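Colleague: The structure follows.
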Amino acid sequence: DDGLVAVVDPGMVPDRSAILEPLAAFGVAPEDVTDVVLSHHHPDHTMHIALFPHVRVHDYWAVYERDVW
């Protein structure tokens with residue numbers, strides 16, 4: 001365990017609870033997430049990155065840190 005907690009493609013869902021509740025079921029709060037991985041930059045994959053404001057964002061081109069989403 002190196003402390004990595006990743007979410008993949010936190011995209012377009014009708015309510016953000018569709019992302020947060022499954023994480024909570026595993027005992028993970030938004031501030032526990034360290035990394036977001038994007039398969040590509042369409043809104044249906046990126047829309048809710050802001051739920052995790054202190055993460056590194058990995059996409060197929062780069063790794064972003066401390067950017068505003």
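Each chain of the structure tokens is named A, B, ... in the order shown, its residues numbered from 1; ligands are numbered from 1 in display order.
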Find the residues around stretch 19-29 of chain A up to 9 Å (only C-alpha atoms counted), leave out those fewer than 3 positions away in its own chain, and share them as JSON, numbers by chain.
Modeller: {"A": [5, 10, 11, 13, 15, 16, 32, 33, 48, 51]}
Colleague: Return as number ranges by chain the full set of residues in chain A whose backbone-based DSSP assignment is alpha helix (DSSP H).
Modeller: A: 17-25, 43-46
Colleague: Residues as selected, N, CA and C atoms, written as a compact mmCIF listing (two decimals), in the first residue's frame, can you do that?
Modeller:
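Result file part-v2.txt:
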# COMPACT_ATOMS: atom_id res chain seq x y z
N SER A 17 -23.62 11.98 -6.56
CA SER A 17 -23.66 10.88 -5.59
C SER A 17 -23.41 9.53 -6.26
N ALA A 18 -23.63 9.45 -7.56
CA ALA A 18 -23.35 8.21 -8.29
C ALA A 18 -21.85 7.91 -8.31
N ILE A 19 -21.03 8.91 -8.07
CA ILE A 19 -19.58 8.73 -7.95
C ILE A 19 -19.18 8.62 -6.48
N LEU A 20 -19.74 9.51 -5.65
CA LEU A 20 -19.30 9.59 -4.26
C LEU A 20 -19.79 8.44 -3.39
N GLU A 21 -21.01 7.97 -3.60
CA GLU A 21 -21.55 6.91 -2.75
C GLU A 21 -20.79 5.59 -2.90
N PRO A 22 -20.46 5.14 -4.11
CA PRO A 22 -19.65 3.91 -4.20
C PRO A 22 -18.27 4.06 -3.55
N LEU A 23 -17.68 5.24 -3.65
CA LEU A 23 -16.40 5.47 -2.96
C LEU A 23 -16.58 5.36 -1.45
N ALA A 24 -17.64 5.99 -0.94
CA ALA A 24 -17.91 5.95 0.50
C ALA A 24 -18.14 4.52 0.98
N ALA A 25 -18.74 3.69 0.14
CA ALA A 25 -18.96 2.29 0.50
C ALA A 25 -17.64 1.56 0.74
N PRO A 43 -16.47 15.21 -22.22
CA PRO A 43 -17.14 15.54 -20.96
C PRO A 43 -17.70 14.32 -20.22
N ASP A 44 -18.11 13.31 -20.96
CA ASP A 44 -18.65 12.13 -20.28
C ASP A 44 -17.59 11.35 -19.52
N HIS A 45 -16.34 11.77 -19.62
CA HIS A 45 -15.25 11.15 -18.87
C HIS A 45 -14.57 12.13 -17.90
N THR A 46 -14.79 13.43 -18.07
CA THR A 46 -14.06 14.44 -17.29
C THR A 46 -14.93 15.33 -16.42
Colleague: Quick one, how far is atom CA of A:Ala50 from atom CA of A:Val36?
Modeller: 10.3 Å
Colleague: What is the atom CA of A:His54-atom CA of A:Asp35 distance in Å, reported with one decimal?
Modeller: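 Atom-to-atom, atom CA of A:His54 and atom CA of A:Asp35 are spaced 8.5 Å apart.
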Colleague: Taking the chain letters and numbering used in this document, name the residues of chain A that DSSP puts in strand (DSSP E), as a ChimeraX atom specification.
Modeller: /A:6-8,35-37,56-58,63-65
Colleague: Residues as selected, C-alpha atoms, written as a PDB file, in the first residue's frame, can you do that?
Modeller:
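Result file is part08.pdb:
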ATOM      1  CA  ALA A   6      -7.331   6.432  -8.061  1.00  0.00           C
ATOM      2  CA  VAL A   7     -10.605   7.190  -9.801  1.00  0.00           C
ATOM      3  CA  VAL A   8     -10.953   6.506 -13.522  1.00  0.00           C
ATOM      4  CA  ASP A  35      -5.122  10.443  -8.718  1.00  0.00           C
ATOM      5  CA  VAL A  36      -7.702  10.684 -11.500  1.00  0.00           C
ATOM      6  CA  VAL A  37      -7.058   8.767 -14.710  1.00  0.00           C
ATOM      7  CA  ARG A  56      -2.861  14.423 -10.040  1.00  0.00           C
ATOM      8  CA  VAL A  57      -4.751  14.022 -13.303  1.00  0.00           C
ATOM      9  CA  HIS A  58      -3.339  11.491 -15.751  1.00  0.00           C
ATOM     10  CA  VAL A  63       0.078  14.320 -15.949  1.00  0.00           C
ATOM     11  CA  TYR A  64      -1.429  17.524 -14.529  1.00  0.00           C
ATOM     12  CA  GLU A  65      -0.927  18.700 -10.977  1.00  0.00           C
TER      13      GLU A  65
END
Colleague: Between A:Met47, A:Val55, A:Trp61, A:Asp67, which has the minimum distance to A:Pro14 (counting only C-alpha atoms)?
Modeller: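 Under the stated criterion, the closest residue is A:Met47.
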Colleague: My list of candidates is A:Arg66, A:Asp9, A:Asp2, A:Glu31. Which is closest to A:Phe52 when distances are computed with only C-alpha atoms?
Modeller: A:Glu31
